[in-house]
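Structure file run.txt; described as compact mmCIF, C-alpha atoms.
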```
# COMPACT_ATOMS: atom_id res chain seq x y z
CA MET A 1 11.36 27.70 -35.17
CA LYS A 2 9.58 26.05 -38.07
CA SER A 3 5.87 25.39 -38.22
CA LYS A 4 4.98 21.67 -38.23
CA VAL A 5 1.31 22.25 -38.88
CA THR A 6 0.24 19.90 -41.61
CA SER A 7 -2.84 18.19 -43.04
CA LEU A 8 -4.33 14.83 -42.18
CA ASP A 9 -3.65 13.67 -45.75
CA THR A 10 0.04 14.39 -45.31
CA VAL A 11 0.40 12.57 -41.99
CA ALA A 12 -1.57 9.60 -43.34
CA GLY A 13 1.48 8.91 -45.52
CA VAL A 14 3.32 7.86 -42.36
CA PHE A 15 0.90 5.02 -41.57
CA ARG A 16 2.10 1.49 -42.45
CA ASP A 17 0.79 -2.03 -41.97
CA GLY A 18 2.29 -3.71 -38.90
CA MET A 19 3.17 -0.44 -37.15
CA SER A 20 3.36 -0.10 -33.40
CA VAL A 21 1.34 2.88 -32.22
CA MET A 22 1.36 4.49 -28.79
CA PHE A 23 -1.60 6.69 -27.93
CA GLY A 24 -2.32 9.16 -25.17
CA GLY A 25 -5.53 8.98 -23.20
CA PHE A 26 -7.37 7.40 -20.32
CA MET A 27 -10.72 5.92 -21.34
CA GLY A 28 -10.51 8.18 -24.38
CA VAL A 29 -9.84 11.38 -22.42
CA GLY A 30 -6.62 12.67 -23.99
CA THR A 31 -6.85 10.46 -27.11
CA PRO A 32 -6.80 12.45 -30.40
CA PRO A 33 -10.07 11.62 -32.25
CA LEU A 34 -8.90 13.08 -35.58
CA LEU A 35 -5.69 11.04 -35.63
CA ILE A 36 -7.50 7.83 -34.64
CA GLN A 37 -10.02 8.47 -37.42
CA ALA A 38 -7.18 9.10 -39.91
CA LEU A 39 -5.54 5.82 -38.91
CA LEU A 40 -8.87 4.07 -39.36
CA ASP A 41 -9.52 5.72 -42.76
CA SER A 42 -6.04 4.80 -44.01
CA GLY A 43 -6.97 1.11 -43.93
CA VAL A 44 -3.62 0.01 -42.46
CA ARG A 45 -3.76 -3.28 -40.55
CA ASP A 46 -1.89 -5.60 -38.18
CA LEU A 47 -1.30 -2.70 -35.81
CA THR A 48 0.14 -3.01 -32.33
CA LEU A 49 -1.55 -0.52 -30.00
CA ILE A 50 0.20 0.57 -26.80
CA GLY A 51 -1.68 2.70 -24.31
CA ASN A 52 -3.49 2.66 -21.00
CA ASP A 53 -6.77 1.08 -22.10
CA THR A 54 -9.00 0.31 -25.07
CA ALA A 55 -11.62 2.83 -23.88
CA PHE A 56 -15.26 2.29 -24.82
CA PRO A 57 -16.34 0.87 -28.21
CA ASP A 58 -17.20 4.34 -29.54
CA ARG A 59 -14.47 6.40 -27.88
CA GLY A 60 -10.70 6.71 -27.91
CA VAL A 61 -9.11 3.77 -29.73
CA GLY A 62 -12.38 1.80 -29.40
CA PRO A 63 -13.33 2.14 -33.10
CA LEU A 64 -9.87 0.87 -34.13
CA ILE A 65 -10.36 -2.26 -32.03
CA GLY A 66 -13.81 -2.76 -33.56
CA SER A 67 -12.40 -2.44 -37.09
CA GLY A 68 -10.31 -5.60 -36.73
CA ARG A 69 -7.13 -3.83 -37.82
CA VAL A 70 -5.35 -4.38 -34.53
CA ARG A 71 -3.25 -7.51 -34.11
CA ARG A 72 -1.89 -6.83 -30.66
CA VAL A 73 -2.71 -4.60 -27.68
CA ILE A 74 -0.48 -3.72 -24.75
CA ALA A 75 -2.65 -2.03 -22.09
CA SER A 76 -3.56 -2.05 -18.41
CA HIS A 77 -7.33 -2.22 -18.81
CA ILE A 78 -9.71 -3.54 -21.47
CA GLY A 79 -12.83 -4.10 -19.34
CA LEU A 80 -14.96 -1.22 -20.63
CA ASN A 81 -14.64 -2.23 -24.27
CA PRO A 82 -16.30 -5.68 -24.60
CA GLU A 83 -15.03 -5.91 -28.18
CA THR A 84 -11.42 -6.18 -26.95
CA GLY A 85 -12.26 -9.11 -24.67
CA ARG A 86 -14.32 -10.82 -27.34
CA ARG A 87 -11.54 -10.61 -29.93
CA MET A 88 -8.97 -11.74 -27.36
CA MET A 89 -11.06 -14.80 -26.39
CA ALA A 90 -11.68 -15.63 -30.05
CA GLY A 91 -7.93 -15.54 -30.71
CA GLU A 92 -8.29 -12.73 -33.26
CA MET A 93 -6.19 -10.31 -31.23
CA GLU A 94 -3.37 -10.72 -28.77
CA VAL A 95 -3.60 -8.75 -25.51
CA GLU A 96 -0.76 -8.19 -23.08
CA LEU A 97 -2.07 -6.80 -19.79
CA VAL A 98 0.45 -4.69 -17.88
CA PRO A 99 -0.11 -2.96 -14.52
CA GLN A 100 -0.71 0.73 -15.22
CA GLY A 101 2.26 2.00 -13.21
CA THR A 102 4.53 -0.55 -14.87
CA LEU A 103 3.25 0.26 -18.35
CA ILE A 104 3.95 3.97 -18.02
CA GLU A 105 7.42 3.32 -16.58
CA ARG A 106 8.27 0.86 -19.37
CA ILE A 107 7.33 3.56 -21.88
CA ARG A 108 9.28 6.17 -19.93
CA ALA A 109 12.30 3.85 -19.87
CA GLY A 110 11.97 3.38 -23.64
CA GLY A 111 12.01 7.12 -24.15
CA ALA A 112 14.64 7.93 -21.53
CA GLY A 113 17.41 5.62 -22.66
CA LEU A 114 17.04 3.24 -19.74
CA GLY A 115 17.50 -0.52 -20.01
CA GLY A 116 14.44 -1.20 -17.89
CA VAL A 117 12.87 -0.48 -14.53
CA LEU A 118 12.71 -2.39 -11.24
CA THR A 119 9.28 -2.44 -9.62
CA PRO A 120 7.73 -4.36 -6.73
CA THR A 121 4.39 -4.39 -8.59
CA GLY A 122 3.36 -7.81 -9.85
CA ILE A 123 5.54 -9.96 -7.60
CA GLY A 124 3.84 -13.28 -6.84
CA THR A 125 1.24 -12.77 -9.58
CA VAL A 126 0.92 -13.84 -13.22
CA VAL A 127 2.71 -10.61 -14.13
CA GLU A 128 5.93 -12.13 -12.77
CA GLU A 129 5.88 -15.08 -15.21
CA GLY A 130 8.99 -15.16 -17.39
CA LYS A 131 10.57 -12.16 -15.68
CA GLN A 132 13.74 -11.72 -13.70
CA ARG A 133 13.34 -11.04 -9.95
CA LEU A 134 16.13 -9.06 -8.34
CA ALA A 135 16.75 -8.39 -4.65
CA ILE A 136 17.97 -4.85 -4.05
CA GLY A 137 18.64 -3.71 -0.49
CA GLY A 138 16.71 -6.68 0.88
CA LYS A 139 13.59 -6.03 -1.19
CA ASP A 140 12.41 -7.92 -4.26
CA TYR A 141 11.70 -6.24 -7.58
CA LEU A 142 10.74 -7.36 -11.07
CA LEU A 143 12.83 -6.28 -14.02
CA GLU A 144 10.46 -4.70 -16.54
CA LEU A 145 11.80 -3.97 -20.00
CA PRO A 146 11.48 -0.73 -21.98
CA LEU A 147 8.81 -0.15 -24.61
CA ARG A 148 9.09 1.94 -27.76
CA ALA A 149 6.84 2.41 -30.80
CA ASP A 150 7.01 3.54 -34.41
CA LEU A 151 4.38 6.20 -33.89
CA ALA A 152 2.86 8.22 -31.02
CA LEU A 153 -0.52 9.97 -31.23
CA LEU A 154 -1.07 12.84 -28.77
CA HIS A 155 -4.01 15.11 -28.00
CA ALA A 156 -3.19 18.57 -26.65
CA TRP A 157 -5.57 21.28 -25.45
CA GLU A 158 -3.22 24.02 -26.62
CA GLY A 159 -0.10 24.06 -28.71
CA ASP A 160 1.97 26.32 -30.91
CA ARG A 161 2.72 25.76 -34.56
CA ALA A 162 6.13 24.28 -33.78
CA GLY A 163 4.58 21.60 -31.54
CA ASN A 164 5.07 22.86 -27.99
CA LEU A 165 2.14 21.29 -26.17
CA TYR A 166 -0.01 21.92 -23.10
CA PHE A 167 -2.39 19.25 -21.85
CA ARG A 168 -5.40 20.39 -19.85
CA ARG A 169 -6.64 18.76 -16.61
CA SER A 170 -6.69 14.96 -16.71
CA THR A 171 -5.87 14.70 -20.42
CA ARG A 172 -2.14 14.70 -19.71
CA ASN A 173 -1.91 11.05 -18.53
CA PHE A 174 0.26 9.10 -21.05
CA ASN A 175 0.65 11.96 -23.56
CA PRO A 176 3.95 13.60 -22.55
CA VAL A 177 5.55 10.25 -21.78
CA ILE A 178 4.81 8.59 -25.15
CA ALA A 179 6.21 11.65 -26.96
CA LEU A 180 9.67 10.50 -25.83
CA ALA A 181 9.25 6.86 -26.80
CA ALA A 182 8.23 6.86 -30.47
CA ASP A 183 10.13 7.43 -33.71
CA TYR A 184 7.42 9.72 -35.13
CA VAL A 185 5.19 11.92 -32.98
CA MET A 186 1.89 13.43 -34.16
CA ALA A 187 -0.19 15.81 -32.07
CA GLN A 188 -3.79 16.91 -32.52
CA VAL A 189 -4.06 20.43 -31.06
CA ASP A 190 -7.42 21.95 -30.08
CA ASN A 191 -6.24 25.52 -29.67
CA LEU A 192 -3.41 26.36 -32.03
CA VAL A 193 -1.36 29.49 -31.26
CA ALA A 194 1.59 31.24 -32.85
CA ILE A 195 5.13 30.32 -31.86
CA GLY A 196 6.01 32.36 -28.77
CA GLU A 197 2.45 32.60 -27.46
CA LEU A 198 2.62 29.55 -25.23
CA ASP A 199 4.33 30.29 -21.90
CA PRO A 200 7.43 28.03 -21.78
CA ASP A 201 6.55 27.01 -18.21
CA ARG A 202 3.26 25.54 -19.41
CA VAL A 203 4.89 23.34 -22.03
CA ALA A 204 4.60 19.67 -21.01
CA THR A 205 5.94 18.36 -24.31
CA PRO A 206 8.60 20.45 -26.04
CA ALA A 207 8.35 21.00 -29.79
CA ALA A 208 11.66 19.20 -30.29
CA LEU A 209 9.83 15.90 -29.75
CA VAL A 210 6.93 16.58 -32.09
CA ASP A 211 7.07 15.84 -35.82
CA ALA A 212 3.59 16.88 -36.99
CA VAL A 213 0.82 19.14 -35.68
CA ILE A 214 -2.80 18.79 -36.79
CA LYS A 215 -5.34 21.44 -35.85
CA SER A 216 -8.64 20.17 -34.45
CA MET B 1 -28.87 -0.13 6.80
CA HIS B 2 -27.79 -1.59 3.47
CA ALA B 3 -24.61 -3.72 3.64
CA LYS B 4 -22.71 -1.39 1.32
CA GLU B 5 -23.57 1.71 3.34
CA LEU B 6 -22.53 -0.02 6.55
CA ILE B 7 -19.18 -1.02 5.04
CA ALA B 8 -18.56 2.47 3.64
CA ARG B 9 -19.43 4.09 7.00
CA ARG B 10 -16.98 1.86 8.86
CA VAL B 11 -14.15 2.34 6.37
CA ALA B 12 -14.58 6.13 6.58
CA LEU B 13 -13.58 5.98 10.26
CA GLU B 14 -10.18 4.57 9.27
CA LEU B 15 -9.17 7.71 7.40
CA ASN B 16 -7.29 10.50 9.12
CA ASP B 17 -7.43 14.22 8.58
CA GLY B 18 -4.96 15.18 5.86
CA ASP B 19 -4.67 11.69 4.34
CA ILE B 20 -4.06 11.16 0.63
CA VAL B 21 -6.52 8.42 -0.31
CA ASN B 22 -7.32 6.46 -3.43
CA LEU B 23 -10.84 5.05 -3.54
CA GLY B 24 -11.68 2.28 -6.01
CA ILE B 25 -14.74 2.35 -8.24
CA GLY B 26 -18.09 1.21 -6.77
CA LEU B 27 -18.53 0.65 -3.03
CA PRO B 28 -15.17 2.27 -2.10
CA THR B 29 -16.27 5.53 -3.75
CA MET B 30 -19.13 5.76 -1.19
CA VAL B 31 -16.60 6.10 1.66
CA ALA B 32 -16.12 9.79 0.82
CA ASP B 33 -19.78 10.43 1.78
CA TYR B 34 -19.31 9.30 5.39
CA LEU B 35 -16.16 11.03 6.60
CA PRO B 36 -16.39 12.10 10.26
CA GLU B 37 -16.65 15.80 10.95
CA GLY B 38 -13.27 17.49 11.01
CA VAL B 39 -11.67 14.88 8.75
CA SER B 40 -10.66 16.26 5.42
CA ILE B 41 -8.85 14.01 2.95
CA THR B 42 -7.43 14.49 -0.53
CA LEU B 43 -8.56 11.95 -3.10
CA GLN B 44 -6.05 10.75 -5.64
CA SER B 45 -7.26 9.75 -9.10
CA GLU B 46 -4.60 7.52 -10.66
CA ASN B 47 -5.23 8.87 -14.15
CA GLY B 48 -3.42 12.00 -13.08
CA PHE B 49 -4.57 14.29 -10.30
CA LEU B 50 -4.97 14.98 -6.60
CA GLY B 51 -8.21 16.61 -5.51
CA LEU B 52 -10.95 14.49 -7.05
CA GLY B 53 -14.35 16.00 -6.29
CA PRO B 54 -18.03 15.77 -7.14
CA LEU B 55 -19.20 16.55 -10.65
CA HIS B 56 -20.48 20.12 -11.12
CA ASP B 57 -20.13 21.02 -14.77
CA THR B 58 -19.13 18.36 -17.26
CA ASP B 59 -15.68 19.12 -18.61
CA PRO B 60 -14.50 16.77 -21.39
CA THR B 61 -10.91 17.14 -20.15
CA VAL B 62 -11.70 15.73 -16.69
CA CYS B 63 -12.54 12.14 -15.88
CA ASN B 64 -12.06 9.85 -12.90
CA ALA B 65 -10.21 6.53 -12.85
CA GLY B 66 -13.34 4.82 -14.18
CA GLY B 67 -13.44 7.09 -17.22
CA GLN B 68 -16.53 8.92 -15.91
CA PRO B 69 -16.94 12.70 -15.73
CA CYS B 70 -16.01 14.15 -12.34
CA GLY B 71 -14.92 17.37 -10.72
CA MET B 72 -11.78 18.74 -9.11
CA VAL B 73 -11.83 20.50 -5.74
CA PRO B 74 -10.17 23.89 -5.19
CA GLY B 75 -6.47 23.21 -4.64
CA ALA B 76 -6.38 20.22 -7.00
CA ALA B 77 -3.17 19.39 -8.87
CA THR B 78 -2.73 17.56 -12.17
CA PHE B 79 0.19 15.49 -13.48
CA ASP B 80 1.05 12.76 -15.94
CA SER B 81 0.69 9.02 -15.35
CA SER B 82 4.37 8.50 -14.53
CA PHE B 83 4.16 11.03 -11.69
CA SER B 84 0.81 9.61 -10.60
CA PHE B 85 2.27 6.16 -10.11
CA ALA B 86 5.39 7.59 -8.49
CA LEU B 87 2.99 8.95 -5.85
CA ILE B 88 1.40 5.52 -5.55
CA ARG B 89 4.46 3.26 -5.50
CA GLY B 90 6.57 5.81 -3.65
CA GLY B 91 4.50 5.55 -0.48
CA HIS B 92 2.84 8.97 -0.81
CA VAL B 93 -0.69 7.55 -0.74
CA ASP B 94 -1.75 6.96 2.88
CA ALA B 95 -4.56 4.56 2.14
CA CYS B 96 -6.32 2.85 -0.69
CA VAL B 97 -9.77 1.33 -0.41
CA LEU B 98 -10.76 -1.26 -2.95
CA GLY B 99 -13.11 -4.15 -3.48
CA GLY B 100 -12.07 -7.78 -3.30
CA LEU B 101 -13.05 -11.07 -4.87
CA GLN B 102 -10.96 -13.05 -2.37
CA VAL B 103 -8.59 -12.34 0.52
CA ASP B 104 -6.62 -15.06 2.28
CA GLU B 105 -4.74 -15.86 5.51
CA GLY B 106 -1.50 -14.61 3.97
CA ALA B 107 -2.96 -11.10 3.44
CA ASN B 108 -3.02 -11.89 -0.28
CA LEU B 109 -5.63 -10.22 -2.46
CA ALA B 110 -7.39 -11.40 -5.62
CA ASN B 111 -9.61 -8.80 -7.23
CA TRP B 112 -8.72 -8.38 -10.86
CA MET B 113 -9.80 -11.40 -12.87
CA VAL B 114 -11.84 -14.57 -13.06
CA PRO B 115 -10.21 -16.83 -15.66
CA GLY B 116 -12.49 -17.52 -18.61
CA LYS B 117 -15.15 -15.11 -17.34
CA MET B 118 -13.89 -11.67 -16.50
CA VAL B 119 -10.53 -10.40 -17.73
CA PRO B 120 -10.81 -6.61 -17.54
CA GLY B 121 -7.14 -6.00 -16.78
CA MET B 122 -5.60 -4.87 -13.54
CA GLY B 123 -5.48 -1.17 -14.38
CA GLY B 124 -3.75 0.53 -11.46
CA ALA B 125 -4.85 -1.97 -8.79
CA MET B 126 -1.58 -3.94 -8.55
CA ASP B 127 0.45 -0.75 -8.08
CA LEU B 128 -2.04 0.71 -5.60
CA VAL B 129 -2.01 -2.27 -3.23
CA VAL B 130 1.76 -2.63 -3.40
CA GLY B 131 2.46 1.08 -2.86
CA SER B 132 -0.22 2.43 -0.51
CA ARG B 133 0.68 2.61 3.17
CA LYS B 134 -2.60 1.04 4.21
CA VAL B 135 -4.72 -1.28 2.07
CA ILE B 136 -8.36 -1.58 3.11
CA VAL B 137 -10.48 -4.17 1.34
CA ALA B 138 -14.13 -3.13 1.46
CA MET B 139 -16.32 -5.97 0.30
CA GLU B 140 -19.43 -8.00 1.01
CA HIS B 141 -18.53 -10.96 3.20
CA CYS B 142 -19.66 -13.69 0.81
CA ALA B 143 -19.89 -14.09 -2.94
CA ARG B 144 -23.26 -13.87 -4.69
CA ASP B 145 -23.55 -17.66 -4.60
CA GLY B 146 -23.00 -17.56 -0.81
CA GLY B 147 -19.43 -18.91 -1.00
CA ALA B 148 -16.75 -17.59 1.33
CA LYS B 149 -14.45 -14.85 0.05
CA ILE B 150 -12.08 -14.85 3.02
CA LEU B 151 -10.21 -18.09 2.45
CA PRO B 152 -7.19 -20.11 3.64
CA ARG B 153 -5.67 -19.50 0.16
CA CYS B 154 -6.98 -17.44 -2.73
CA THR B 155 -7.97 -19.63 -5.68
CA LEU B 156 -8.26 -16.74 -8.18
CA PRO B 157 -5.20 -15.07 -9.75
CA LEU B 158 -3.62 -12.73 -7.22
CA THR B 159 -3.47 -8.97 -7.42
CA ALA B 160 -0.60 -8.91 -4.93
CA VAL B 161 1.00 -10.91 -2.13
CA ASN B 162 0.85 -9.96 1.56
CA VAL B 163 -0.51 -6.46 1.12
CA VAL B 164 -3.91 -6.33 2.85
CA SER B 165 -4.01 -4.32 6.10
CA MET B 166 -7.72 -4.57 6.89
CA ILE B 167 -10.93 -6.19 5.65
CA VAL B 168 -14.28 -4.52 6.29
CA THR B 169 -17.47 -6.45 5.50
CA GLU B 170 -21.11 -6.15 6.57
CA LEU B 171 -20.39 -8.76 9.27
CA GLY B 172 -17.24 -7.38 10.84
CA VAL B 173 -13.70 -6.05 10.66
CA PHE B 174 -10.51 -8.09 10.32
CA VAL B 175 -6.95 -6.85 10.58
CA PHE B 176 -3.64 -8.63 10.07
CA GLU B 177 -2.12 -8.49 13.55
CA GLU B 178 1.54 -9.54 13.33
CA GLY B 179 0.69 -11.36 10.15
CA LYS B 180 -2.27 -13.20 11.64
CA LEU B 181 -5.80 -12.64 10.39
CA THR B 182 -7.69 -11.32 13.43
CA LEU B 183 -11.35 -10.42 13.90
CA THR B 184 -11.52 -7.15 15.84
CA GLU B 185 -15.13 -6.03 15.42
CA LEU B 186 -18.57 -7.47 14.82
CA ALA B 187 -21.25 -5.52 12.98
CA PRO B 188 -24.27 -4.58 15.17
CA GLY B 189 -26.40 -7.66 15.82
CA VAL B 190 -23.95 -10.13 14.25
CA GLU B 191 -22.86 -13.21 16.26
CA LEU B 192 -19.32 -14.56 16.20
CA ALA B 193 -20.73 -17.94 15.14
CA THR B 194 -22.16 -16.36 11.97
CA VAL B 195 -18.76 -14.93 11.05
CA ARG B 196 -17.13 -18.32 11.66
CA GLU B 197 -19.72 -20.04 9.49
CA LYS B 198 -19.26 -17.60 6.59
CA THR B 199 -15.48 -17.32 6.69
CA GLY B 200 -13.31 -19.96 5.04
CA ALA B 201 -10.05 -18.81 6.60
CA ALA B 202 -8.86 -19.56 10.11
CA PHE B 203 -8.76 -16.40 12.18
CA ALA B 204 -7.95 -15.24 15.69
CA VAL B 205 -10.46 -13.25 17.73
CA ALA B 206 -9.12 -10.08 19.33
CA PRO B 207 -9.35 -10.18 23.15
CA ASP B 208 -11.09 -6.81 22.99
CA LEU B 209 -13.54 -7.80 20.24
CA CYS B 210 -16.15 -5.04 20.05
CA THR B 211 -19.16 -3.83 18.10
CA MET B 212 -18.39 -1.97 14.90
CA PRO B 213 -18.62 1.80 15.37
CA LEU B 214 -20.45 3.44 12.50
CA GLY B 215 -19.85 7.14 13.02
CA VAL B 216 -22.51 9.70 12.35
```

Could I get this structure in the form of structure tokens?
Amino acid sequence: MKSKVTSLDTVAGVFRDGMSVMFGGFMGVGTPPLLIQALLDSGVRDLTLIGNDTAFPDRGVGPLIGSGRVRRVIASHIGLNPETGRRMMAGEMEVELVPQGTLIERIRAGGAGLGGVLTPTGIGTVVEEGKQRLAIGGKDYLLELPLRADLALLHAWEGDRAGNLYFRRSTRNFNPVIALAADYVMAQVDNLVAIGELDPDRVATPAALVDAVIKS
Amino acid sequence: MHAKELIARRVALELNDGDIVNLGIGLPTMVADYLPEGVSITLQSENGFLGLGPLHDTDPTVCNAGGQPCGMVPGAATFDSSFSFALIRGGHVDACVLGGLQVDEGANLANWMVPGKMVPGMGGAMDLVVGSRKVIVAMEHCARDGGAKILPRCTLPLTAVNVVSMIVTELGVFVFEEGKLTLTELAPGVELATVREKTGAAFAVAPDLCTMPLGV
């Protein structure tokens, strides 16, 4: 297995204006600070961010929102980052709110080769607007379409040089799922170990999905 | 007794030993403090674990569904967001307790946004109320301006349709008995006339209407 450990300067070459970027994390827990900072430093703009939430202004993807480089957000929660709401109300940024369980399944579908998912969540609410409702076995479901992105940014507690990743405690959240749904996958790894040192049973994201590893 | 404590104490009596329970942020979180003796429940945190517990040592890899530091009890289990919402939508969560802005005669719930004022996003709320076996709305009976929150029809955007099992307020307890909103308990010292005056919805009164038990 080849090492994918690289520098922030090298991965910054992947960033482009108008990219769609999935990120791991829940209120910043599980979001890779170094990779978010690198994206910010690169100056790219018109980004579409896809992830659970926009965290707090100073955590997770919060600083990206505050920088004005984000054109569109797809998330389940924006309430703890007032800057997201302000920019949405001012028309500077588009926000698509998606129920959390639907968002993660849309991403999973995008990464798993599925044409969509059927969920009862959102029926009879604004979430249903413009969507197909299907009755299966006497119960109604909404057809929710898959989501993919150009880039995924992961934060792992431990990982080997090839990109096998282990996520500690509640940092796992969206991380292993987005690794399947993006064309290019970058992981920030806090504790980097040699290939073969990570027990295969602990691997939540296999190296085969990871394109670049950055040591914290 | 403060209204919130009274509500939390009453809700706690609804939970059974061994239940998997998801408690919303705020008042619902207080329910865990008033469980009757001999009742042990497992708290689900939708960001990815079972076994939410009090904070002992701050661990940056652990947060609750509000993004705040928390603990995990012995025997806790972690997972990704896809699995977490499979637990929720798949009927593996026995009860969820959450706040409400409005509940109506059709067991519909509105608790996620006020157009033009508060648009935080639904987070996991829509999935939780659709998937949990029992949905308990724990809320103060009237809005801050004194207006009724239990209405013939919700006027705010819905979280979900026909999902509420029970409403607990500082004035009493309502259940949906064969689809009909029914008052089953009055809080100590509260008159039926007061509940009628402060409730917008039409409701039946249970033949065995009693005084709210409050546990220990």

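Near Glu177 of chain B, within 12 Å and counting all atoms listed in the file, sit Glu105, Gly106, Ala107, Val164, Ser165, Met166, Phe174, Lys180, Leu181, Thr182, Leu183, Thr184, Phe203, Ala204, Val205 and Ala206 of chain B, not including residues fewer than 3 positions from it in the same chain.
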
- Within 7 Å of chain A: residues of chain B, using all atoms listed in the file, as an MDAnalysis selection string: chainID B and resid 47:49 61:63 67 78:82 85 119:124 126:127 130 157:161

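The shell of residues at most 7 Å from Gly215 of chain B, with only C-alpha atoms counted and near chain neighbours (fewer than 4 positions) removed, consists of Arg9, Leu13 and Pro36 of chain B.
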
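Using all atoms listed in the file, the smallest distance between any of A:Gly60, A:Pro206, A:Pro33, A:Pro200 and Val185 of chain A comes from A:Pro206.
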
- Task: Give me, please, the distance in Å between atom CA of Val168 of chain B and atom CA of Ala76 of chain B, quoted to one decimal.
- Result: 29.2 Å

- Task: For atom CA of Lys198 of chain B and atom CA of Cys154 of chain B, quote the distance in Å rounded to one decimal.
- Result: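 Straight-line distance from atom CA of Lys198 of chain B to atom CA of Cys154 of chain B works out to 15.4 Å.
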
- Item | Residue contacts of Lys131 of chain A (9 Å, all atoms listed in the file) excluding same-chain residues fewer than 6 positions away, as a ChimeraX atom specification | /A:142-144

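One finds atom CA of Leu134 of chain A at 27.0 Å from atom CA of Phe176 of chain B.
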
- Write out as a ChimeraX atom specification which residues come within 8 Å of Val31 of chain B when counting all atoms listed in the file, dropping same-chain ones fewer than 3 positions away. /B:8-9,11-12,23,27-28,34-35

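Environment of (-5.9, 3.5, -41.7): residues at most 10 Å away, judged by only C-alpha atoms, are Ala12, Gly13, Phe15, Arg16, Asp17, Leu35, Ile36, Gln37, Ala38, Leu39, Leu40, Asp41, Ser42, Gly43, Val44, Arg45, Leu47, Leu64, Ser67 and Arg69 of chain A.
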
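When all atoms listed in the file are used to compute distances to Gly116 of chain B, the closest of the residues B:Asp17, B:Lys4, B:Leu156, B:Val175 turns out to be B:Leu156.
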
Kindly compute an axis-aligned box around the listed atoms of segment 207-213 of chain A, allowing 8 Å on each side, and express its centre and edge lengths in Å to one decimal as JSON.
```
{"center_x": 6.2, "center_y": 18.4, "center_z": -33.4, "size_x": 26.8, "size_y": 21.2, "size_z": 23.2}
```

- Task: Mind checking which residues fall within 6 Å of Ser132 of chain B, counting only C-alpha atoms, ignoring those fewer than 2 positions away in the same chain, and posting them as a PyMOL selection string?
- Result: chain B and resi 91+93-95+128-129+134

Can I get N, CA and C atoms for segment 170-182 of chain B, as a PDB file, in the first residue's frame?
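Written out: part-v1.pdb:
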```
ATOM      1  N   GLU B 170     -47.661  22.785  32.195  1.00  0.00           N
ATOM      2  CA  GLU B 170     -47.748  23.050  33.640  1.00  0.00           C
ATOM      3  C   GLU B 170     -49.205  23.060  34.114  1.00  0.00           C
ATOM      4  N   LEU B 171     -50.154  22.980  33.161  1.00  0.00           N
ATOM      5  CA  LEU B 171     -51.564  22.959  33.550  1.00  0.00           C
ATOM      6  C   LEU B 171     -52.164  21.560  33.519  1.00  0.00           C
ATOM      7  N   GLY B 172     -51.625  20.686  32.683  1.00  0.00           N
ATOM      8  CA  GLY B 172     -52.226  19.359  32.611  1.00  0.00           C
ATOM      9  C   GLY B 172     -51.567  18.470  31.576  1.00  0.00           C
ATOM     10  N   VAL B 173     -52.230  17.315  31.373  1.00  0.00           N
ATOM     11  CA  VAL B 173     -51.734  16.322  30.407  1.00  0.00           C
ATOM     12  C   VAL B 173     -52.842  16.021  29.401  1.00  0.00           C
ATOM     13  N   PHE B 174     -52.482  16.030  28.130  1.00  0.00           N
ATOM     14  CA  PHE B 174     -53.405  15.642  27.056  1.00  0.00           C
ATOM     15  C   PHE B 174     -52.836  14.423  26.351  1.00  0.00           C
ATOM     16  N   VAL B 175     -53.728  13.535  25.921  1.00  0.00           N
ATOM     17  CA  VAL B 175     -53.294  12.449  25.040  1.00  0.00           C
ATOM     18  C   VAL B 175     -54.221  12.455  23.822  1.00  0.00           C
ATOM     19  N   PHE B 176     -53.796  11.776  22.769  1.00  0.00           N
ATOM     20  CA  PHE B 176     -54.676  11.607  21.616  1.00  0.00           C
ATOM     21  C   PHE B 176     -55.310  10.232  21.723  1.00  0.00           C
ATOM     22  N   GLU B 177     -56.541  10.211  22.201  1.00  0.00           N
ATOM     23  CA  GLU B 177     -57.283   8.961  22.438  1.00  0.00           C
ATOM     24  C   GLU B 177     -58.115   8.685  21.196  1.00  0.00           C
ATOM     25  N   GLU B 178     -57.783   7.626  20.467  1.00  0.00           N
ATOM     26  CA  GLU B 178     -58.428   7.315  19.191  1.00  0.00           C
ATOM     27  C   GLU B 178     -58.496   8.545  18.287  1.00  0.00           C
ATOM     28  N   GLY B 179     -57.400   9.255  18.252  1.00  0.00           N
ATOM     29  CA  GLY B 179     -57.294  10.412  17.375  1.00  0.00           C
ATOM     30  C   GLY B 179     -57.891  11.690  17.924  1.00  0.00           C
ATOM     31  N   LYS B 180     -58.493  11.604  19.109  1.00  0.00           N
ATOM     32  CA  LYS B 180     -59.156  12.792  19.672  1.00  0.00           C
ATOM     33  C   LYS B 180     -58.341  13.358  20.833  1.00  0.00           C
ATOM     34  N   LEU B 181     -58.068  14.653  20.749  1.00  0.00           N
ATOM     35  CA  LEU B 181     -57.332  15.321  21.824  1.00  0.00           C
ATOM     36  C   LEU B 181     -58.141  15.239  23.120  1.00  0.00           C
ATOM     37  N   THR B 182     -57.543  14.656  24.157  1.00  0.00           N
ATOM     38  CA  THR B 182     -58.267  14.379  25.402  1.00  0.00           C
ATOM     39  C   THR B 182     -57.443  14.809  26.609  1.00  0.00           C
TER      40      THR B 182
END
```
